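Visitor: Provided below: query.json, containing JSON, C-alpha atoms and all ligand atoms.
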```json
[["chain", "number", "residue", "atom", "x", "y", "z"],
["A", 14, "MET", "CA", 109.79, 116.92, 109.89],
["A", 15, "GLN", "CA", 108.77, 113.94, 107.82],
["A", 16, "LYS", "CA", 105.53, 112.80, 106.20],
["A", 17, "THR", "CA", 104.04, 109.34, 106.07],
["A", 18, "PHE", "CA", 100.95, 107.80, 104.55],
["A", 19, "SER", "CA", 98.25, 106.02, 106.55],
["A", 20, "ILE", "CA", 95.15, 104.02, 105.72],
["A", 21, "ILE", "CA", 92.49, 103.19, 108.27],
["A", 22, "LYS", "CA", 91.33, 99.91, 106.72],
["A", 23, "PRO", "CA", 87.77, 98.64, 106.13],
["A", 24, "ASP", "CA", 87.57, 96.56, 109.33],
["A", 25, "ALA", "CA", 88.26, 99.63, 111.45],
["A", 26, "VAL", "CA", 86.07, 102.04, 109.45],
["A", 27, "LYS", "CA", 83.17, 99.54, 109.71],
["A", 28, "ARG", "CA", 83.59, 99.42, 113.50],
["A", 29, "ASN", "CA", 83.52, 103.24, 113.75],
["A", 30, "LEU", "CA", 87.14, 103.49, 114.92],
["A", 31, "ILE", "CA", 88.43, 106.42, 112.81],
["A", 32, "GLY", "CA", 88.29, 108.81, 115.76],
["A", 33, "HIS", "CA", 89.79, 106.32, 118.22],
["A", 34, "ILE", "CA", 92.72, 105.58, 115.91],
["A", 35, "ASN", "CA", 93.28, 109.24, 115.08],
["A", 36, "GLN", "CA", 93.38, 110.02, 118.79],
["A", 37, "MET", "CA", 96.25, 107.51, 119.13],
["A", 38, "ILE", "CA", 97.97, 109.13, 116.13],
["A", 39, "GLU", "CA", 97.65, 112.62, 117.63],
["A", 40, "ASN", "CA", 98.74, 111.41, 121.05],
["A", 41, "ALA", "CA", 102.00, 110.32, 119.39],
["A", 42, "ASP", "CA", 102.58, 113.92, 118.21],
["A", 43, "LEU", "CA", 101.74, 113.13, 114.61],
["A", 44, "LYS", "CA", 99.73, 115.80, 112.83],
["A", 45, "ILE", "CA", 96.99, 114.83, 110.37],
["A", 46, "LEU", "CA", 97.62, 117.05, 107.31],
["A", 47, "ALA", "CA", 94.98, 115.46, 105.10],
["A", 48, "SER", "CA", 92.24, 112.88, 105.58],
["A", 49, "LYS", "CA", 89.50, 111.58, 103.32],
["A", 50, "LYS", "CA", 87.14, 108.62, 103.17],
["A", 51, "ILE", "CA", 87.16, 106.74, 99.87],
["A", 52, "TYR", "CA", 86.43, 103.36, 98.34],
["A", 53, "LEU", "CA", 89.49, 101.79, 96.77],
["A", 54, "THR", "CA", 88.82, 100.33, 93.35],
["A", 55, "LYS", "CA", 90.11, 96.83, 92.70],
["A", 56, "ASN", "CA", 92.67, 98.32, 90.33],
["A", 57, "GLN", "CA", 93.90, 100.83, 92.93],
["A", 58, "ALA", "CA", 94.24, 98.10, 95.57],
["A", 59, "GLN", "CA", 96.18, 95.89, 93.14],
["A", 60, "ILE", "CA", 98.57, 98.73, 92.30],
["A", 61, "PHE", "CA", 98.93, 99.82, 95.92],
["A", 62, "TYR", "CA", 99.88, 96.29, 97.04],
["A", 63, "GLU", "CA", 101.78, 95.37, 93.87],
["A", 64, "VAL", "CA", 104.90, 94.33, 95.84],
["A", 65, "HIS", "CA", 102.82, 91.48, 97.31],
["A", 66, "LYS", "CA", 101.34, 90.25, 94.01],
["A", 67, "GLU", "CA", 103.14, 86.89, 94.15],
["A", 68, "ARG", "CA", 102.12, 86.21, 97.75],
["A", 69, "PRO", "CA", 99.38, 83.64, 98.46],
["A", 70, "PHE", "CA", 97.29, 86.23, 100.32],
["A", 71, "PHE", "CA", 97.30, 88.83, 97.49],
["A", 72, "ASN", "CA", 93.81, 88.18, 96.03],
["A", 73, "SER", "CA", 92.25, 87.96, 99.47],
["A", 74, "LEU", "CA", 94.02, 91.19, 100.50],
["A", 75, "VAL", "CA", 92.65, 93.04, 97.46],
["A", 76, "GLU", "CA", 89.13, 91.68, 98.18],
["A", 77, "TYR", "CA", 89.39, 92.81, 101.80],
["A", 78, "MET", "CA", 90.75, 96.29, 100.97],
["A", 79, "THR", "CA", 87.83, 96.87, 98.57],
["A", 80, "SER", "CA", 85.19, 95.42, 100.94],
["A", 81, "GLY", "CA", 84.33, 98.80, 102.45],
["A", 82, "ALA", "CA", 85.38, 102.40, 102.77],
["A", 83, "VAL", "CA", 88.88, 103.34, 103.93],
["A", 84, "GLN", "CA", 90.21, 106.57, 105.42],
["A", 85, "VAL", "CA", 93.41, 107.66, 103.64],
["A", 86, "GLN", "CA", 95.58, 110.16, 105.49],
["A", 87, "VAL", "CA", 98.85, 112.04, 105.41],
["A", 88, "LEU", "CA", 100.65, 112.34, 108.75],
["A", 89, "GLU", "CA", 103.55, 114.62, 109.63],
["A", 90, "GLY", "CA", 105.97, 114.67, 112.53],
["A", 91, "GLU", "CA", 109.49, 113.97, 113.64],
["A", 92, "ASP", "CA", 110.52, 110.57, 112.27],
["A", 93, "ALA", "CA", 106.92, 110.13, 111.13],
["A", 94, "VAL", "CA", 107.53, 106.95, 109.10],
["A", 95, "LEU", "CA", 109.15, 105.00, 111.92],
["A", 96, "LYS", "CA", 107.04, 106.58, 114.65],
["A", 97, "TYR", "CA", 103.79, 105.59, 112.96],
["A", 98, "ARG", "CA", 105.05, 102.05, 112.26],
["A", 99, "LYS", "CA", 105.82, 101.80, 116.00],
["A", 100, "ILE", "CA", 102.39, 102.89, 117.17],
["A", 101, "MET", "CA", 100.73, 100.64, 114.54],
["A", 102, "GLY", "CA", 102.41, 97.52, 115.95],
["A", 103, "ALA", "CA", 103.36, 94.29, 114.18],
["A", 104, "THR", "CA", 101.50, 93.12, 111.06],
["A", 105, "ASN", "CA", 100.18, 90.10, 112.99],
["A", 106, "PRO", "CA", 98.17, 91.44, 115.96],
["A", 107, "ASP", "CA", 99.17, 88.37, 117.99],
["A", 108, "GLU", "CA", 102.73, 89.69, 117.80],
["A", 109, "ALA", "CA", 101.89, 93.38, 118.32],
["A", 110, "GLU", "CA", 103.01, 95.13, 121.49],
["A", 111, "GLU", "CA", 100.58, 96.35, 124.16],
["A", 112, "GLY", "CA", 99.34, 99.85, 123.50],
["A", 113, "THR", "CA", 99.69, 99.65, 119.72],
["A", 114, "ILE", "CA", 96.80, 100.25, 117.32],
["A", 115, "ARG", "CA", 96.91, 96.71, 115.93],
["A", 116, "LYS", "CA", 97.12, 95.11, 119.39],
["A", 117, "GLN", "CA", 94.10, 97.09, 120.45],
["A", 118, "TYR", "CA", 91.93, 96.92, 117.33],
["A", 119, "ALA", "CA", 93.13, 94.45, 114.65],
["A", 120, "GLU", "CA", 90.90, 91.46, 113.96],
["A", 121, "SER", "CA", 93.46, 89.27, 112.14],
["A", 122, "ILE", "CA", 96.76, 89.38, 110.25],
["A", 123, "GLU", "CA", 94.78, 90.48, 107.18],
["A", 124, "ALA", "CA", 92.12, 92.71, 108.77],
["A", 125, "ASN", "CA", 94.71, 94.56, 110.83],
["A", 126, "SER", "CA", 93.03, 97.99, 110.92],
["A", 127, "VAL", "CA", 95.83, 100.21, 109.61],
["A", 128, "HIS", "CA", 98.46, 100.68, 106.92],
["A", 129, "GLY", "CA", 101.60, 102.78, 107.29],
["A", 130, "SER", "CA", 104.41, 103.43, 104.80],
["A", 131, "ASP", "CA", 107.57, 101.42, 105.46],
["A", 132, "SER", "CA", 110.09, 104.02, 104.19],
["A", 133, "GLU", "CA", 110.29, 107.71, 103.36],
["A", 134, "GLU", "CA", 110.61, 106.83, 99.67],
["A", 135, "ASN", "CA", 107.44, 104.72, 99.72],
["A", 136, "ALA", "CA", 105.66, 107.38, 101.78],
["A", 137, "LYS", "CA", 106.22, 109.87, 98.95],
["A", 138, "ILE", "CA", 104.95, 107.42, 96.33],
["A", 139, "GLU", "CA", 101.88, 106.48, 98.41],
["A", 140, "ILE", "CA", 100.99, 110.08, 99.31],
["A", 141, "SER", "CA", 101.11, 111.18, 95.68],
["A", 142, "PHE", "CA", 98.95, 108.19, 94.67],
["A", 143, "PHE", "CA", 96.05, 109.57, 96.74],
["A", 144, "PHE", "CA", 96.65, 113.28, 97.36],
["A", 145, "SER", "CA", 97.66, 116.36, 95.40],
["A", 146, "GLY", "CA", 99.97, 118.91, 96.99],
["A", 147, "SER", "CA", 97.18, 121.42, 97.56],
["A", 148, "GLU", "CA", 95.31, 118.92, 99.78],
["A", 149, "LEU", "CA", 98.13, 118.82, 102.35],
["A", 150, "VAL", "CA", 97.41, 121.48, 104.92],
["A", 151, "GLU", "CA", 99.83, 122.32, 107.74],
["B", 1, "LIG", "P1", 102.48, 95.80, 106.90],
["B", 1, "LIG", "O1", 101.08, 96.30, 106.61],
["B", 1, "LIG", "O2", 102.72, 95.62, 108.38],
["B", 1, "LIG", "O3", 103.56, 96.62, 106.23],
["B", 1, "LIG", "P2", 102.95, 93.79, 104.83],
["B", 1, "LIG", "O4", 103.83, 92.59, 104.99],
["B", 1, "LIG", "O5", 103.44, 94.90, 103.96],
["B", 1, "LIG", "O6", 102.57, 94.31, 106.30],
["B", 1, "LIG", "O7", 101.56, 93.26, 104.26],
["B", 1, "LIG", "C1", 100.61, 94.13, 103.74],
["B", 1, "LIG", "C2", 99.25, 93.74, 104.26],
["B", 1, "LIG", "O8", 98.92, 92.44, 103.74],
["B", 1, "LIG", "C3", 99.15, 93.55, 105.78],
["B", 1, "LIG", "O9", 98.98, 94.75, 106.49],
["B", 1, "LIG", "C4", 97.95, 92.65, 105.89],
["B", 1, "LIG", "O10", 96.71, 93.36, 105.72],
["B", 1, "LIG", "C5", 98.16, 91.71, 104.70],
["B", 1, "LIG", "N1", 98.93, 90.51, 105.07],
["B", 1, "LIG", "C6", 100.25, 90.43, 105.34],
["B", 1, "LIG", "N2", 100.62, 89.16, 105.63],
["B", 1, "LIG", "C7", 99.49, 88.42, 105.51],
["B", 1, "LIG", "C8", 99.20, 87.01, 105.68],
["B", 1, "LIG", "O11", 100.09, 86.20, 105.99],
["B", 1, "LIG", "N3", 97.90, 86.63, 105.49],
["B", 1, "LIG", "C9", 96.92, 87.51, 105.14],
["B", 1, "LIG", "N4", 97.13, 88.82, 104.97],
["B", 1, "LIG", "C10", 98.41, 89.27, 105.15],
["B", 2, "MG", "MG", 103.96, 96.90, 104.22]]
```
Could you render the structure as structure tokens?
Guide:
Amino acid sequence: MQKTFSIIKPDAVKRNLIGHINQMIENADLKILASKKIYLTKNQAQIFYEVHKERPFFNSLVEYMTSGAVQVQVLEGEDAVLKYRKIMGATNPDEAEEGTIRKQYAESIEANSVHGSDSEENAKIEISFFFSGSELVE
């Protein structure tokens, strides 16, 4: 069993899609261990997306991620990191496969509805950024 970290982003929370997206997550045999709705501060968003700080879209991304509430979650399952990346679909919804969350719900390459960790190592870092161990419930 492996854990991964998920964010349902402001565009999806605003459109009342938390339940729809979580249904897709559960249908893929991923278990939601923890889930909470928060507002990211500008500082948190900058730290979270630090790897992209030199990219031209960085400031816009931070603005977008702080434009509304997000739902942060910890998911668990077999091959959870890769499995969740698969059901999320490609970063650009125009390139996402049919049946993926981003194909179905993303508005643009920026407002693309969901985040998922890209490695087990980053999953651990991202989970501990938002959750303490006692919040993860099997
Ligand atoms: P990922 O979320 O699929 O892992 P990353 O390349 O890590 O994609 O980018 C992080 C986030 O930055 C994306 O999910 C998206 O919200 C935003 N983003 C990525 N590329 C672009 C772009 O070219 N223009 C605007 N926003 C982008
Ligand atoms: Mg990424």
Visitor: Could I get the residue neighbourhood of ligand MG 2 (chain B) at 12 Å, counting only C-alpha atoms and all ligand atoms, as a PyMOL selection string?
Guide: chain A and resi 18-20+61-65+94+98+101-105+123+125+127-132+135-136+139
Visitor: Considering all atoms listed in the file, can you say which of A:Glu110, A:Glu120, A:Glu134, A:Asp42 comes closest to A:Glu89?
Guide: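 Closest to A:Glu89, using all atoms listed in the file: A:Asp42.
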Visitor: Find, counting only C-alpha atoms and all ligand atoms, the residue in A:Lys137, A:Lys66, A:His33, A:Arg28 that gets nearest to ligand LIG 1 (chain B).
Guide: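 Once distances to ligand LIG 1 (chain B) are computed over only C-alpha atoms and all ligand atoms, the minimum belongs to A:Lys66.
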Visitor: For atom CA of A:Gln57 and atom CA of A:Ile122, determine how far apart the two atoms are, in Å to one decimal place.
Guide: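 So the answer is 21.0 Å.
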Visitor: If we count only C-alpha atoms and set the cut-off at 12 Å, which residues sit around A:Leu149, ignoring sequence neighbours fewer than 6 positions away in its own chain? Please answer as a PDB file with C-alpha atoms, in the frame of the given file.
Guide:
```
ATOM      1  CA  LYS A  16     105.530 112.800 106.200  1.00  0.00           C
ATOM      2  CA  THR A  17     104.040 109.340 106.070  1.00  0.00           C
ATOM      3  CA  PHE A  18     100.950 107.800 104.550  1.00  0.00           C
ATOM      4  CA  LYS A  44      99.730 115.800 112.830  1.00  0.00           C
ATOM      5  CA  ILE A  45      96.990 114.830 110.370  1.00  0.00           C
ATOM      6  CA  LEU A  46      97.620 117.050 107.310  1.00  0.00           C
ATOM      7  CA  ALA A  47      94.980 115.460 105.100  1.00  0.00           C
ATOM      8  CA  SER A  48      92.240 112.880 105.580  1.00  0.00           C
ATOM      9  CA  LYS A  49      89.500 111.580 103.320  1.00  0.00           C
ATOM     10  CA  GLN A  86      95.580 110.160 105.490  1.00  0.00           C
ATOM     11  CA  VAL A  87      98.850 112.040 105.410  1.00  0.00           C
ATOM     12  CA  LEU A  88     100.650 112.340 108.750  1.00  0.00           C
ATOM     13  CA  GLU A  89     103.550 114.620 109.630  1.00  0.00           C
ATOM     14  CA  ILE A 140     100.990 110.080  99.310  1.00  0.00           C
ATOM     15  CA  SER A 141     101.110 111.180  95.680  1.00  0.00           C
ATOM     16  CA  PHE A 143      96.050 109.570  96.740  1.00  0.00           C
TER      17      PHE A 143
END
```
Visitor: Any idea what's packed within 12 Å of A:Asp24, counting all atoms listed in the file, ignoring anything in its chain fewer than 3 positions away? Could you give it as a list of chain:residue names?
Guide: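 Contacts, in chain order: A:Ile20, A:Ile21, A:Lys27, A:Arg28, A:Asn29, A:Leu30, A:Ile31, A:Tyr77, A:Met78, A:Thr79, A:Ser80, A:Gly81, A:Ala82, A:Val83, A:Gln84, A:Arg115, A:Tyr118, A:Ala119, A:Glu120, A:Ser121, A:Ile122, A:Glu123, A:Ala124, A:Asn125, A:Ser126, A:Val127, A:His128.
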Visitor: What's the separation between atom O9 of ligand LIG 1 (chain B) and atom CA of A:Phe70, in Å to one decimal place?
Guide: 10.7 Å
Visitor: Save stretch 89-103 of chain A from what I just supplied, as a PDB file, in the first residue's frame, atoms limited to N, CA and C atoms.
Guide:
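Produced file out35.pdb, reproduced below:
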```
ATOM      1  N   GLU A  89      -4.860   6.486  -0.279  1.00  0.00           N
ATOM      2  CA  GLU A  89      -4.050   5.281  -0.097  1.00  0.00           C
ATOM      3  C   GLU A  89      -4.565   4.171  -1.000  1.00  0.00           C
ATOM      4  N   GLY A  90      -3.634   3.397  -1.521  1.00  0.00           N
ATOM      5  CA  GLY A  90      -4.011   2.245  -2.339  1.00  0.00           C
ATOM      6  C   GLY A  90      -2.767   1.612  -2.924  1.00  0.00           C
ATOM      7  N   GLU A  91      -2.996   0.564  -3.720  1.00  0.00           N
ATOM      8  CA  GLU A  91      -1.876  -0.075  -4.394  1.00  0.00           C
ATOM      9  C   GLU A  91      -1.368   0.879  -5.475  1.00  0.00           C
ATOM     10  N   ASP A  92      -0.073   1.134  -5.481  1.00  0.00           N
ATOM     11  CA  ASP A  92       0.499   2.041  -6.485  1.00  0.00           C
ATOM     12  C   ASP A  92      -0.223   3.384  -6.535  1.00  0.00           C
ATOM     13  N   ALA A  93      -0.548   3.914  -5.347  1.00  0.00           N
ATOM     14  CA  ALA A  93      -1.420   5.095  -5.273  1.00  0.00           C
ATOM     15  C   ALA A  93      -0.886   6.299  -6.077  1.00  0.00           C
ATOM     16  N   VAL A  94       0.435   6.508  -6.039  1.00  0.00           N
ATOM     17  CA  VAL A  94       0.988   7.686  -6.711  1.00  0.00           C
ATOM     18  C   VAL A  94       0.692   7.621  -8.209  1.00  0.00           C
ATOM     19  N   LEU A  95       1.080   6.518  -8.815  1.00  0.00           N
ATOM     20  CA  LEU A  95       0.913   6.355 -10.261  1.00  0.00           C
ATOM     21  C   LEU A  95      -0.561   6.218 -10.636  1.00  0.00           C
ATOM     22  N   LYS A  96      -1.294   5.470  -9.824  1.00  0.00           N
ATOM     23  CA  LYS A  96      -2.715   5.248 -10.106  1.00  0.00           C
ATOM     24  C   LYS A  96      -3.479   6.571 -10.124  1.00  0.00           C
ATOM     25  N   TYR A  97      -3.206   7.421  -9.141  1.00  0.00           N
ATOM     26  CA  TYR A  97      -3.915   8.698  -9.090  1.00  0.00           C
ATOM     27  C   TYR A  97      -3.486   9.597 -10.246  1.00  0.00           C
ATOM     28  N   ARG A  98      -2.191   9.613 -10.585  1.00  0.00           N
ATOM     29  CA  ARG A  98      -1.746  10.408 -11.740  1.00  0.00           C
ATOM     30  C   ARG A  98      -2.486   9.946 -12.994  1.00  0.00           C
ATOM     31  N   LYS A  99      -2.711   8.638 -13.106  1.00  0.00           N
ATOM     32  CA  LYS A  99      -3.411   8.105 -14.293  1.00  0.00           C
ATOM     33  C   LYS A  99      -4.849   8.575 -14.361  1.00  0.00           C
ATOM     34  N   ILE A 100      -5.551   8.509 -13.235  1.00  0.00           N
ATOM     35  CA  ILE A 100      -6.967   8.911 -13.290  1.00  0.00           C
ATOM     36  C   ILE A 100      -7.120  10.438 -13.336  1.00  0.00           C
ATOM     37  N   MET A 101      -6.069  11.183 -12.933  1.00  0.00           N
ATOM     38  CA  MET A 101      -6.103  12.642 -13.093  1.00  0.00           C
ATOM     39  C   MET A 101      -6.069  13.029 -14.570  1.00  0.00           C
ATOM     40  N   GLY A 102      -5.213  12.362 -15.342  1.00  0.00           N
ATOM     41  CA  GLY A 102      -5.010  12.723 -16.747  1.00  0.00           C
ATOM     42  C   GLY A 102      -3.919  13.781 -16.902  1.00  0.00           C
ATOM     43  N   ALA A 103      -3.593  14.086 -18.149  1.00  0.00           N
ATOM     44  CA  ALA A 103      -2.484  15.001 -18.454  1.00  0.00           C
ATOM     45  C   ALA A 103      -2.747  16.401 -17.898  1.00  0.00           C
TER      46      ALA A 103
END
```
